[in-house]
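Here is the file my_file08.csv (CSV, C-alpha atoms and all ligand atoms).
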```csv
chain,number,residue,atom,x,y,z
T,1216,MET,CA,-32.7,-20.7,-12.2
T,1217,ASN,CA,-31.1,-20.8,-8.7
T,1218,SER,CA,-28.9,-17.6,-8.6
T,1219,SER,CA,-27.4,-18.3,-5.1
T,1220,ALA,CA,-23.7,-18.5,-4.8
T,1221,ASN,CA,-21.6,-21.1,-2.9
T,1222,VAL,CA,-18.9,-19.4,-0.9
T,1223,ALA,CA,-16.6,-21.4,1.4
T,1224,ILE,CA,-15.8,-19.7,4.7
T,1225,HIS,CA,-12.5,-20.6,6.2
T,1226,PRO,CA,-12.5,-20.9,10.1
T,1227,SER,CA,-10.3,-17.8,10.3
T,1228,GLN,CA,-13.5,-15.9,9.4
T,1229,PHE,CA,-15.8,-17.8,11.8
T,1230,PRO,CA,-17.5,-15.3,14.1
T,1231,GLU,CA,-15.7,-16.4,17.2
T,1232,ASN,CA,-12.4,-15.9,15.5
T,1233,VAL,CA,-13.3,-12.5,14.1
T,1234,ARG,CA,-14.3,-11.5,17.6
T,1235,ARG,CA,-11.0,-12.7,19.0
T,1236,ASP,CA,-9.1,-10.8,16.3
T,1237,LEU,CA,-11.1,-7.6,17.0
T,1238,PHE,CA,-10.2,-7.9,20.7
T,1239,VAL,CA,-6.5,-8.5,19.8
T,1240,SER,CA,-6.5,-5.4,17.5
T,1241,LEU,CA,-8.1,-3.2,20.2
T,1242,HIS,CA,-5.8,-4.5,23.0
T,1243,SER,CA,-2.7,-4.1,20.9
T,1244,ARG,CA,-3.8,-0.7,19.5
T,1245,LYS,CA,-2.9,-2.2,16.1
T,1246,ILE,CA,-5.9,-2.8,13.8
T,1247,ASN,CA,-5.8,-5.9,11.5
T,1248,HIS,CA,-6.5,-4.3,8.1
T,1249,LYS,CA,-9.3,-6.8,7.5
T,1250,PHE,CA,-11.5,-4.7,9.8
T,1251,HIS,CA,-11.5,-2.0,7.1
T,1252,TYR,CA,-13.3,-4.3,4.7
T,1253,ASP,CA,-15.8,-5.7,7.1
T,1254,SER,CA,-19.1,-4.1,6.4
T,1255,VAL,CA,-20.9,-3.5,3.2
T,1256,LYS,CA,-20.5,0.3,3.8
T,1257,GLN,CA,-16.7,0.0,4.2
T,1258,THR,CA,-16.4,-2.2,1.1
T,1259,GLN,CA,-18.4,0.3,-0.9
T,1260,LYS,CA,-16.2,3.2,0.4
T,1261,TRP,CA,-13.1,1.2,-0.5
T,1262,LEU,CA,-14.4,0.3,-4.0
T,1263,MET,CA,-15.2,4.0,-4.6
T,1264,LEU,CA,-11.7,5.0,-3.3
T,1265,HIS,CA,-10.1,2.4,-5.5
T,1266,GLN,CA,-12.1,3.6,-8.6
T,1267,PHE,CA,-11.0,7.2,-8.1
T,1268,TYR,CA,-7.4,6.8,-6.8
T,1269,SER,CA,-6.1,3.4,-8.0
T,1270,PRO,CA,-3.5,4.0,-10.7
T,1271,SER,CA,-4.5,0.6,-12.2
T,1272,ARG,CA,-7.9,2.2,-12.9
T,1273,ASN,CA,-6.8,5.7,-13.9
T,1274,ASP,CA,-3.3,5.6,-15.3
T,1275,ASN,CA,-3.1,4.0,-18.8
T,1276,ASN,CA,0.5,3.1,-18.3
T,1277,VAL,CA,-0.1,1.2,-15.1
T,1278,ARG,CA,-3.0,-0.6,-16.8
T,1279,ALA,CA,-0.6,-1.4,-19.6
T,1280,ILE,CA,2.1,-3.0,-17.3
T,1281,TYR,CA,-0.6,-5.2,-15.8
T,1282,GLU,CA,-1.7,-6.2,-19.3
T,1283,GLN,CA,1.9,-7.0,-20.3
T,1284,SER,CA,2.4,-9.1,-17.2
T,1285,PHE,CA,-0.8,-11.0,-18.0
T,1286,GLU,CA,0.3,-11.7,-21.6
T,1287,THR,CA,3.6,-13.0,-20.4
T,1288,ALA,CA,2.2,-15.2,-17.7
T,1289,ALA,CA,-0.5,-16.6,-20.0
T,1290,ALA,CA,2.1,-17.4,-22.6
T,1291,LYS,CA,4.3,-19.2,-20.1
T,1292,ILE,CA,1.6,-21.5,-18.8
T,1293,LYS,CA,1.7,-24.6,-20.9
T,1294,SER,CA,-0.8,-26.8,-19.2
T,1295,LYS,CA,-4.3,-26.9,-20.6
T,1296,SER,CA,-6.0,-26.5,-17.2
T,1297,VAL,CA,-5.1,-23.7,-14.9
T,1298,HIS,CA,-6.0,-23.3,-11.3
T,1299,PHE,CA,-6.1,-19.5,-10.7
T,1300,ILE,CA,-6.0,-18.4,-7.1
T,1301,GLY,CA,-6.7,-14.7,-6.6
T,1302,LEU,CA,-5.4,-13.9,-3.1
T,1303,GLY,CA,-7.0,-10.8,-1.7
T,1304,CYS,CA,-8.9,-10.5,-5.0
T,1305,GLY,CA,-10.9,-7.4,-4.0
T,1306,GLY,CA,-13.5,-6.6,-6.6
T,1307,GLY,CA,-11.6,-8.9,-9.0
T,1308,GLN,CA,-11.2,-6.5,-11.9
T,1309,LYS,CA,-7.6,-7.4,-12.5
T,1310,ASP,CA,-8.1,-11.1,-12.1
T,1311,ALA,CA,-11.1,-10.9,-14.6
T,1312,ARG,CA,-8.8,-9.4,-17.3
T,1313,LEU,CA,-6.3,-12.2,-16.8
T,1314,LEU,CA,-9.1,-14.8,-16.8
T,1315,LYS,CA,-10.4,-13.5,-20.1
T,1316,LEU,CA,-6.9,-13.8,-21.6
T,1317,LEU,CA,-6.4,-17.4,-20.4
T,1318,GLU,CA,-9.8,-18.4,-21.7
T,1319,SER,CA,-9.0,-16.8,-25.1
T,1320,ARG,CA,-5.9,-19.0,-25.3
T,1321,GLY,CA,-8.1,-22.0,-24.9
T,1322,LYS,CA,-7.2,-22.8,-21.3
T,1323,LYS,CA,-9.7,-24.5,-19.0
T,1324,VAL,CA,-9.6,-22.2,-16.0
T,1325,PHE,CA,-10.8,-22.8,-12.4
T,1326,TYR,CA,-10.9,-19.6,-10.5
T,1327,ILE,CA,-10.6,-19.3,-6.7
T,1328,PRO,CA,-11.2,-15.7,-5.6
T,1329,CYS,CA,-10.1,-15.5,-2.0
T,1330,ASP,CA,-10.5,-12.5,0.2
T,1331,VAL,CA,-11.3,-11.7,3.8
T,1332,SER,CA,-14.5,-9.9,2.8
T,1333,ALA,CA,-17.5,-11.9,1.6
T,1334,ALA,CA,-18.7,-8.8,-0.3
T,1335,MET,CA,-15.4,-8.7,-2.2
T,1336,VAL,CA,-15.4,-12.4,-3.2
T,1337,LEU,CA,-18.9,-12.1,-4.4
T,1338,THR,CA,-18.0,-9.0,-6.5
T,1339,ALA,CA,-15.0,-10.8,-7.9
T,1340,ARG,CA,-17.1,-13.9,-8.6
T,1341,GLN,CA,-19.6,-11.7,-10.5
T,1342,ALA,CA,-16.8,-10.2,-12.6
T,1343,ALA,CA,-15.4,-13.7,-13.3
T,1344,LEU,CA,-18.8,-15.1,-14.4
T,1345,ALA,CA,-18.6,-12.9,-17.5
T,1346,VAL,CA,-15.8,-15.3,-18.6
T,1347,LEU,CA,-16.2,-18.5,-16.7
T,1348,PRO,CA,-19.1,-21.0,-16.1
T,1349,ARG,CA,-20.3,-20.9,-12.5
T,1350,LYS,CA,-19.1,-24.4,-11.9
T,1351,ASN,CA,-15.5,-23.3,-12.4
T,1352,CYS,CA,-15.6,-20.6,-9.7
T,1353,PHE,CA,-14.9,-21.4,-6.0
T,1354,PRO,CA,-15.0,-18.3,-3.8
T,1355,ILE,CA,-13.3,-18.5,-0.4
T,1356,VAL,CA,-13.5,-16.1,2.5
T,1357,CYS,CA,-10.3,-16.3,4.5
T,1358,ASP,CA,-8.1,-14.1,6.7
T,1359,LEU,CA,-4.6,-14.4,5.2
T,1360,ALA,CA,-3.1,-12.8,8.3
T,1361,THR,CA,-4.2,-15.4,10.8
T,1362,THR,CA,-4.4,-18.5,8.6
T,1363,ASP,CA,-1.5,-21.0,8.9
T,1364,ASP,CA,-2.8,-23.7,6.6
T,1365,LEU,CA,-2.9,-21.7,3.3
T,1366,SER,CA,-1.2,-24.4,1.2
T,1367,LEU,CA,-3.6,-27.0,2.6
T,1368,ILE,CA,-6.7,-24.9,1.8
T,1369,PHE,CA,-5.8,-24.8,-1.9
T,1370,THR,CA,-4.2,-28.2,-2.3
T,1371,SER,CA,-6.9,-30.2,-0.6
T,1372,ARG,CA,-9.6,-28.8,-2.8
T,1373,PHE,CA,-8.0,-29.0,-6.2
T,1374,THR,CA,-6.0,-31.4,-8.2
T,1375,ILE,CA,-2.3,-30.9,-7.9
T,1376,ARG,CA,-1.1,-31.9,-11.4
T,1377,ASN,CA,-1.9,-28.7,-13.1
T,1378,SER,CA,-0.1,-25.4,-13.0
T,1379,ARG,CA,-1.3,-22.9,-10.6
T,1380,LEU,CA,-1.4,-19.2,-11.2
T,1381,ILE,CA,-1.5,-17.1,-8.0
T,1382,THR,CA,-2.2,-13.4,-8.0
T,1383,PHE,CA,-1.2,-11.2,-5.1
T,1384,PHE,CA,-2.1,-7.8,-6.3
T,1385,GLY,CA,-1.9,-4.7,-4.0
T,1386,MET,CA,-1.7,-6.9,-0.9
T,1387,ILE,CA,1.9,-6.7,0.2
T,1388,PRO,CA,1.7,-3.1,1.4
T,1389,ASN,CA,-0.8,-4.0,4.2
T,1390,PHE,CA,1.0,-7.0,5.7
T,1391,GLU,CA,4.2,-7.4,7.7
T,1392,PRO,CA,6.4,-9.1,5.1
T,1393,ARG,CA,7.8,-11.4,7.7
T,1394,GLU,CA,4.4,-12.8,8.4
T,1395,ILE,CA,2.8,-13.0,5.0
T,1396,LEU,CA,5.7,-14.0,2.7
T,1397,PRO,CA,6.4,-17.4,4.3
T,1398,LYS,CA,2.8,-18.3,3.7
T,1399,LEU,CA,2.8,-17.0,0.2
T,1400,ALA,CA,6.0,-18.9,-0.6
T,1401,SER,CA,4.5,-22.1,0.8
T,1402,LEU,CA,1.8,-21.9,-1.8
T,1403,VAL,CA,4.0,-21.5,-4.8
T,1404,ARG,CA,5.3,-24.9,-6.1
T,1405,SER,CA,8.0,-25.3,-8.7
T,1406,ARG,CA,5.6,-25.5,-11.6
T,1407,ASP,CA,3.4,-22.6,-10.4
T,1408,PHE,CA,3.5,-18.9,-11.3
T,1409,LEU,CA,3.0,-16.0,-9.0
T,1410,LEU,CA,2.1,-12.5,-10.2
T,1411,PHE,CA,2.8,-10.1,-7.5
T,1412,SER,CA,2.3,-6.3,-7.5
T,1413,ALA,CA,3.7,-3.7,-5.2
T,1414,ASN,CA,3.2,0.0,-4.6
T,1415,LEU,CA,6.6,1.7,-5.1
T,1416,ALA,CA,8.3,4.8,-3.8
T,1417,PRO,CA,9.2,6.6,-7.0
T,1418,GLY,CA,12.7,7.9,-8.0
T,1419,GLU,CA,16.2,7.3,-6.8
T,1420,ASN,CA,15.8,8.8,-3.4
T,1421,TYR,CA,13.6,6.4,-1.2
T,1422,ALA,CA,12.8,9.1,1.4
T,1423,ALA,CA,11.8,11.7,-1.2
T,1424,GLY,CA,9.7,9.1,-3.0
T,1425,MET,CA,7.8,8.4,0.2
T,1426,LYS,CA,7.1,12.1,0.6
T,1427,LYS,CA,5.8,12.4,-2.9
T,1428,ILE,CA,3.2,9.6,-2.4
T,1429,LEU,CA,1.9,10.7,1.0
T,1430,PRO,CA,-1.0,12.7,-0.4
T,1431,GLN,CA,-2.3,9.5,-2.0
T,1432,TYR,CA,-3.2,8.4,1.6
T,1433,ASP,CA,-3.7,11.7,3.4
T,1434,ASN,CA,-6.9,12.7,1.7
T,1435,VAL,CA,-10.6,13.1,2.6
T,1436,SER,CA,-11.8,9.8,1.0
T,1437,THR,CA,-9.1,7.6,2.7
T,1438,ARG,CA,-9.8,9.3,6.0
T,1439,ASP,CA,-13.4,8.7,5.6
T,1440,TRP,CA,-12.8,5.0,4.8
T,1441,LEU,CA,-10.4,4.4,7.7
T,1442,MET,CA,-12.5,6.3,10.2
T,1443,ALA,CA,-15.6,4.1,9.4
T,1444,PHE,CA,-14.1,1.4,11.6
T,1445,LEU,CA,-13.8,3.7,14.7
T,1446,LEU,CA,-17.1,5.4,14.1
T,1447,ASP,CA,-18.9,2.0,13.9
T,1448,LEU,CA,-17.5,1.3,17.4
T,1449,GLY,CA,-18.9,4.5,18.8
T,1450,ILE,CA,-15.9,6.8,18.6
T,1451,GLU,CA,-16.6,10.2,17.3
T,1452,LYS,CA,-14.4,12.3,14.9
T,1453,ARG,CA,-14.0,15.0,17.6
T,1454,ASP,CA,-12.6,12.4,20.0
T,1455,GLY,CA,-9.2,12.8,18.3
T,1456,LYS,CA,-7.2,13.3,15.2
T,1457,LEU,CA,-6.1,11.0,12.4
T,1458,ARG,CA,-2.5,11.6,11.4
T,1459,PHE,CA,-0.6,10.1,8.5
T,1460,GLU,CA,3.2,9.8,8.9
T,1461,ILE,CA,6.1,8.1,7.1
T,1462,ALA,CA,7.7,5.5,9.4
T,1463,SER,CA,10.4,2.8,9.2
T,1464,GLY,CA,9.2,-0.8,9.2
T,1465,ASP,CA,10.5,-4.3,8.7
T,1466,PHE,CA,13.4,-5.2,6.3
T,1467,GLY,CA,14.5,-1.5,6.2
T,1468,LEU,CA,11.4,-0.6,4.4
T,1469,LYS,CA,9.4,2.6,4.8
T,1470,ARG,CA,5.7,2.8,5.2
T,1471,VAL,CA,2.9,5.3,5.5
T,1472,VAL,CA,1.2,4.9,8.9
T,1473,ALA,CA,-2.2,6.3,9.9
T,1474,ASP,CA,-2.7,6.6,13.7
T,1475,PHE,CA,-5.7,8.0,15.5
T,1476,TYR,CA,-4.6,10.1,18.5
T,1477,PHE,CA,-7.2,10.5,21.2
T,1478,ARG,CA,-7.6,14.0,22.5
T,1479,ARG,CA,-10.1,13.1,25.2
T,1480,PRO,CA,-10.8,10.0,27.3
T,1481,GLN,CA,-13.0,7.5,25.4
T,1482,ARG,CA,-14.0,3.9,25.7
T,1483,ILE,CA,-15.2,1.1,23.4
T,1484,GLU,CA,-17.5,-1.6,24.8
T,1485,ILE,CA,-18.0,-4.9,23.1
T,1486,ASP,CA,-19.8,-7.9,24.7
T,1487,GLY,CA,-19.1,-6.7,28.2
T,1488,GLU,CA,-15.4,-5.9,27.6
T,1489,THR,CA,-14.2,-2.3,27.8
T,1490,PHE,CA,-11.3,-0.8,26.0
T,1491,ARG,CA,-10.3,2.5,27.5
T,1492,PHE,CA,-8.2,5.2,25.7
T,1493,LYS,CA,-6.5,8.1,27.5
T,1494,PRO,CA,-5.8,11.5,25.9
T,1495,GLY,CA,-2.6,11.4,23.9
T,1496,GLU,CA,-2.9,7.6,23.3
T,1497,LYS,CA,-3.0,6.4,19.8
T,1498,ILE,CA,-4.4,3.5,17.9
T,1499,ARG,CA,-2.8,2.4,14.6
T,1500,LEU,CA,-5.5,2.1,11.9
T,1501,PHE,CA,-3.5,1.4,8.8
T,1502,PHE,CA,-0.1,1.1,7.3
T,1503,SER,CA,1.1,0.8,3.7
T,1504,TYR,CA,4.6,-0.3,2.8
T,1505,ARG,CA,6.2,1.2,-0.3
T,1506,HIS,CA,8.9,-0.8,-1.9
T,1507,THR,CA,11.4,-0.2,-4.7
T,1508,PRO,CA,12.0,-2.8,-7.4
T,1509,ASP,CA,15.4,-3.8,-5.9
T,1510,ARG,CA,13.8,-4.2,-2.5
T,1511,VAL,CA,11.0,-6.3,-3.8
T,1512,ARG,CA,13.5,-8.7,-5.5
T,1513,LYS,CA,15.8,-8.9,-2.4
T,1514,ILE,CA,13.0,-9.6,0.0
T,1515,LEU,CA,11.2,-12.1,-2.1
T,1516,SER,CA,14.5,-14.0,-2.7
T,1517,GLN,CA,14.8,-14.4,1.1
T,1518,PHE,CA,11.7,-16.5,0.8
T,1519,LYS,CA,12.9,-18.5,-2.2
T,1520,LEU,CA,10.7,-16.6,-4.6
T,1521,GLU,CA,12.6,-15.5,-7.7
T,1522,VAL,CA,11.5,-12.6,-9.8
T,1523,CYS,CA,11.7,-13.7,-13.4
T,1524,GLU,CA,10.3,-10.6,-15.1
T,1525,GLN,CA,9.2,-7.2,-13.9
T,1526,TRP,CA,7.1,-4.3,-15.3
T,1527,ILE,CA,7.6,-0.9,-13.7
T,1528,ALA,CA,5.1,1.9,-14.3
T,1529,LYS,CA,6.6,5.1,-15.9
T,1530,SER,CA,5.4,7.0,-12.8
T,1531,GLY,CA,7.7,4.6,-10.8
T,1532,GLU,CA,4.8,4.1,-8.3
T,1533,GLU,CA,3.8,0.6,-9.1
T,1534,GLY,CA,5.4,-2.6,-10.3
T,1535,VAL,CA,4.2,-6.1,-11.3
T,1536,PHE,CA,6.6,-9.0,-10.8
T,1537,LEU,CA,6.3,-12.5,-12.3
T,1538,CYS,CA,7.8,-14.9,-9.8
T,1539,ARG,CA,8.7,-18.6,-9.5
T,1540,HIS,CA,9.8,-20.8,-6.7
T,1541,ASN,CA,13.5,-21.3,-6.9
O,1,LIG,C1,-5.7,-3.0,-1.7
O,1,LIG,S1,-7.0,-4.2,-1.9
O,1,LIG,C2,-6.4,-5.2,-3.3
O,1,LIG,C3,-7.5,-5.8,-4.1
O,1,LIG,C4,-7.1,-6.4,-5.5
O,1,LIG,N1,-6.2,-7.4,-5.3
O,1,LIG,C5,-6.7,-5.3,-6.4
O,1,LIG,O1,-5.5,-5.3,-6.7
O,1,LIG,O2,-7.5,-4.5,-6.9
O,1,LIG,C6,-6.7,-5.2,-0.6
O,1,LIG,C7,-7.7,-6.4,-0.5
O,1,LIG,O3,-7.2,-7.2,0.6
O,1,LIG,C8,-8.3,-7.7,1.4
O,1,LIG,N2,-7.8,-8.0,2.7
O,1,LIG,C9,-7.4,-7.2,3.6
O,1,LIG,N3,-7.0,-7.8,4.7
O,1,LIG,C10,-7.0,-9.1,4.4
O,1,LIG,C11,-6.7,-10.3,5.1
O,1,LIG,N4,-6.2,-10.2,6.4
O,1,LIG,N5,-6.9,-11.5,4.5
O,1,LIG,C12,-7.4,-11.5,3.2
O,1,LIG,N6,-7.7,-10.5,2.5
O,1,LIG,C13,-7.5,-9.3,3.1
O,1,LIG,C14,-9.3,-6.7,1.3
O,1,LIG,O4,-10.6,-7.1,1.6
O,1,LIG,C15,-9.1,-6.1,-0.1
O,1,LIG,O5,-10.0,-6.7,-1.0
```
Representation of the structure as structure tokens:
Amino acid sequence: MNSSANVAIHPSQFPENVRRDLFVSLHSRKINHKFHYDSVKQTQKWLMLHQFYSPSRNDNNVRAIYEQSFETAAAKIKSKSVHFIGLGCGGGQKDARLLKLLESRGKKVFYIPCDVSAAMVLTARQAALAVLPRKNCFPIVCDLATTDDLSLIFTSRFTIRNSRLITFFGMIPNFEPREILPKLASLVRSRDFLLFSANLAPGENYAAGMKKILPQYDNVSTRDWLMAFLLDLGIEKRDGKLRFEIASGDFGLKRVVADFYFRRPQRIEIDGETFRFKPGEKIRLFFSYRHTPDRVRKILSQFKLEVCEQWIAKSGEEGVFLCRHN
């Protein structure tokens, strides 16, 4: 039997566009997060990190809030066929649990795992095939940050009569809300359902909550994963220092930012182009927005996405939100 997989590659991930995005990232000193999931090595490092640190894998209560949200979403979908779009599906573990539930309710499910990393969509596809026939799975590799035709990608391929269920789990922290939310909102039609999860700053005091979660980022495994990007480009650890800080971002939100500060002159050369870094200069490798439930609801409503139900973990560090277009 032919065991090869058909994976659609959106132009945003064609080599010439990835090269352009890498140059933009290096020029602007702000790395598009997709470059942390580029190589098989990075993907493996992230999957390990996720397995060890992700509350959804290690905290039974976080797992439970996802399960509750899945039960509610599955119960609300009345159509027999469901087009399930997993945006930024990662390894697809959460999507696979929801797929199983939909199947157990007798739904005919078409699953579209979508991620910037081919390794991730293949991992998600593999997880989905435990539940779905291969012919119902349509993996897509796509950069959500640079794609402007998101709604077209999904409407042109699949029939528009059925309900769509869109998952956007663990994605919002790594995008500027102003850039990603209009795209996400354009995908959600009046009969569709969006399940959205966000990492939260726990407790009543936003600043204190941020301090509490900082060690979840400032640790050896996360440093190792983020540094892989620079090391692959020829930068050495001793060329500088990676620092994690809490900073203010868009919409009055706070985020954890990881910057690499050069302590000696260095340069990166790619295809005849040279990027020079002076001592004291920094390059932003990563950021992660942390929300609060109120902030999630307010920001989504600005993009006509209404939170109908929410499930907040006892730790106060993660929330799942079921949204509709209003
Ligand atoms: C924090 S993980 C979340 C994975 C999964 N949804 C989950 O909750 O386990 C972030 C995912 O976003 C993907 N990603 C990062 N930047 C992206 C981009 N610009 N476009 C599409 N996917 C991206 C990564 O490859 C990774 O799988």
For ligand LIG 1 (chain O), return the neighbouring residues as a tab-separated table (two decimals) with C-alpha atoms, in the coordinates of the input (distance at most 6 Å; only C-alpha atoms and all ligand atoms).
```tsv
chain	number	residue	atom	x	y	z
T	1248	HIS	CA	-6.50	-4.30	8.10
T	1249	LYS	CA	-9.30	-6.80	7.50
T	1252	TYR	CA	-13.30	-4.30	4.70
T	1303	GLY	CA	-7.00	-10.80	-1.70
T	1304	CYS	CA	-8.90	-10.50	-5.00
T	1305	GLY	CA	-10.90	-7.40	-4.00
T	1330	ASP	CA	-10.50	-12.50	0.20
T	1331	VAL	CA	-11.30	-11.70	3.80
T	1332	SER	CA	-14.50	-9.90	2.80
T	1335	MET	CA	-15.40	-8.70	-2.20
T	1357	CYS	CA	-10.30	-16.30	4.50
T	1358	ASP	CA	-8.10	-14.10	6.70
T	1359	LEU	CA	-4.60	-14.40	5.20
T	1360	ALA	CA	-3.10	-12.80	8.30
T	1384	PHE	CA	-2.10	-7.80	-6.30
T	1385	GLY	CA	-1.90	-4.70	-4.00
T	1386	MET	CA	-1.70	-6.90	-0.90
```
Please tabulate, as a tab-separated table, the residues of range 1436-1479 of chain T that come within 12 Å of range 1408-1421 of chain T, each with its closest pair of atoms and the distance in Å to one decimal, counting all atoms listed in the file and ordering rows by chain, then residue number upward.
```
residue	atom	partner	partner_atom	distance
T:Ile1461	CA	T:Tyr1421	CA	11.3
T:Ser1463	CA	T:Tyr1421	CA	11.5
T:Gly1467	CA	T:Tyr1421	CA	10.9
T:Leu1468	CA	T:Tyr1421	CA	9.2
T:Lys1469	CA	T:Tyr1421	CA	8.3
T:Arg1470	CA	T:Ala1416	CA	9.6
T:Val1471	CA	T:Ala1416	CA	10.8
```
Please indicate the distance in Å from CA of Phe1475 in chain T to CA of Glu1231 in chain T, rounded to one decimal place.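 Those two atoms sit 26.4 Å apart.
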CA of Ala1462 in chain T to CA of Phe1267 in chain T: how many Å, to one decimal?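 Result for CA of Ala1462 in chain T versus CA of Phe1267 in chain T: 25.7 Å, one decimal.
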Considering only C-alpha atoms, return as a list in words whatever protein or nucleic-acid residues lie within 12 Å of Ile1485 in chain T, sequence-local ones (same chain, fewer than 2 positions apart) excluded.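 My reading of the contact set: Arg1234, Arg1235, Leu1237, Phe1238, Leu1241, Asp1447, Leu1448, Gly1449, Arg1482, Ile1483, Gly1487, Glu1488, Thr1489, Phe1490 and Arg1491 of chain T.
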So that I can check the surroundings of Ser1243 in chain T, please list as number ranges by chain every protein, DNA and RNA residue that reaches within 12 Å of it, counting only C-alpha atoms and ignoring chain neighbours fewer than 5 positions away. T: 1236-1238, 1490, 1492, 1496-1500
Can you check which parts of range 1451-1514 of chain T lie within 9 Å of range 1387-1392 of chain T? Per residue, the shortest pair of atoms and distance in Å to one decimal, counting all atoms listed in the file, sorted by chain and number, as a tab-separated table.
```
residue	atom	partner	partner_atom	distance
T:Gly1464	CA	T:Glu1391	CA	8.4
T:Asp1465	CA	T:Glu1391	CA	7.1
T:Phe1466	CA	T:Pro1392	CA	8.1
T:Arg1470	CA	T:Pro1388	CA	8.1
T:Phe1501	CA	T:Asn1389	CA	7.6
T:Phe1502	CA	T:Asn1389	CA	6.0
T:Ser1503	CA	T:Pro1388	CA	4.6
T:Tyr1504	CA	T:Pro1388	CA	4.3
T:Arg1505	CA	T:Pro1388	CA	6.5
T:His1506	CA	T:Pro1388	CA	8.2
T:Ile1514	CA	T:Pro1392	CA	8.4
```
Taking all atoms listed in the file into account, which of T:Glu1460, T:Ala1443, T:Arg1453, T:Leu1262 comes nearest Met1425 in chain T? T:Glu1460
What's the 9 Å shell around Lys1519 in chain T, counting all atoms listed in the file, without same-chain residues fewer than 4 positions away, as a list in words?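 So, after excluding close chain neighbours, the residues are Ala1400, Leu1515, Arg1539, His1540 and Asn1541 of chain T.
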What separates CA of Gln1283 in chain T and CA of Leu1402 in chain T is a distance of 23.8 Å
Residues near Phe1536 in chain T, anyone? I mean within 10 Å using all atoms listed in the file, not counting same-chain ones fewer than 5 positions away, as a PDB file with C-alpha atoms, in the coordinates of the input.
```pdb
ATOM      1  CA  ILE T1280       2.100  -3.000 -17.300  1.00  0.00           C
ATOM      2  CA  TYR T1281      -0.600  -5.200 -15.800  1.00  0.00           C
ATOM      3  CA  SER T1284       2.400  -9.100 -17.200  1.00  0.00           C
ATOM      4  CA  PHE T1383      -1.200 -11.200  -5.100  1.00  0.00           C
ATOM      5  CA  PHE T1384      -2.100  -7.800  -6.300  1.00  0.00           C
ATOM      6  CA  LEU T1409       3.000 -16.000  -9.000  1.00  0.00           C
ATOM      7  CA  LEU T1410       2.100 -12.500 -10.200  1.00  0.00           C
ATOM      8  CA  PHE T1411       2.800 -10.100  -7.500  1.00  0.00           C
ATOM      9  CA  SER T1412       2.300  -6.300  -7.500  1.00  0.00           C
ATOM     10  CA  ALA T1413       3.700  -3.700  -5.200  1.00  0.00           C
ATOM     11  CA  PRO T1508      12.000  -2.800  -7.400  1.00  0.00           C
ATOM     12  CA  VAL T1511      11.000  -6.300  -3.800  1.00  0.00           C
ATOM     13  CA  ARG T1512      13.500  -8.700  -5.500  1.00  0.00           C
ATOM     14  CA  GLU T1521      12.600 -15.500  -7.700  1.00  0.00           C
ATOM     15  CA  VAL T1522      11.500 -12.600  -9.800  1.00  0.00           C
ATOM     16  CA  CYS T1523      11.700 -13.700 -13.400  1.00  0.00           C
ATOM     17  CA  GLU T1524      10.300 -10.600 -15.100  1.00  0.00           C
ATOM     18  CA  GLN T1525       9.200  -7.200 -13.900  1.00  0.00           C
ATOM     19  CA  TRP T1526       7.100  -4.300 -15.300  1.00  0.00           C
ATOM     20  CA  ILE T1527       7.600  -0.900 -13.700  1.00  0.00           C
TER      21      ILE T1527
END
```
Write out as a list in words the residues lying within 7 Å of range 1343-1348 of chain T, counting only C-alpha atoms and excluding same-chain residues fewer than 6 positions away.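 What passes the distance filter is Ala1311, Leu1314 and Lys1315 of chain T.
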Could you please take those selected residues and save C-alpha atoms as a PDB file, in the frame of the given file?
```pdb
ATOM      1  CA  ALA T1311     -11.100 -10.900 -14.600  1.00  0.00           C
ATOM      2  CA  LEU T1314      -9.100 -14.800 -16.800  1.00  0.00           C
ATOM      3  CA  LYS T1315     -10.400 -13.500 -20.100  1.00  0.00           C
TER       4      LYS T1315
END
```
With all atoms listed in the file as the basis for distance, which of T:Pro1354, T:Val1435, T:Leu1313, T:Thr1361 is at the shortest distance from Asn1247 in chain T?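 Looking at the shortest contact to Asn1247 in chain T, the residue is T:Thr1361.
Comparing the minimum interatomic distances between Val1356 in chain T and each of T:Ser1530, T:Ser1294, T:Gln1228, T:Asn1275, counting only C-alpha atoms, we find that T:Gln1228 sits nearest.
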Residue with smallest distance to Val1324 in chain T - pool T:Val1297, T:Ala1423, T:Leu1446, T:Arg1478, counting only C-alpha atoms: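 Distance minimum relative to Val1324 in chain T lands on T:Val1297.
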Could you check the closest approach to Gln1517 in chain T for each of T:Lys1426, T:Lys1323, T:Lys1529, T:Arg1393 and tell me which residue wins, using all atoms listed in the file?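 The closest residue to Gln1517 in chain T is T:Arg1393.
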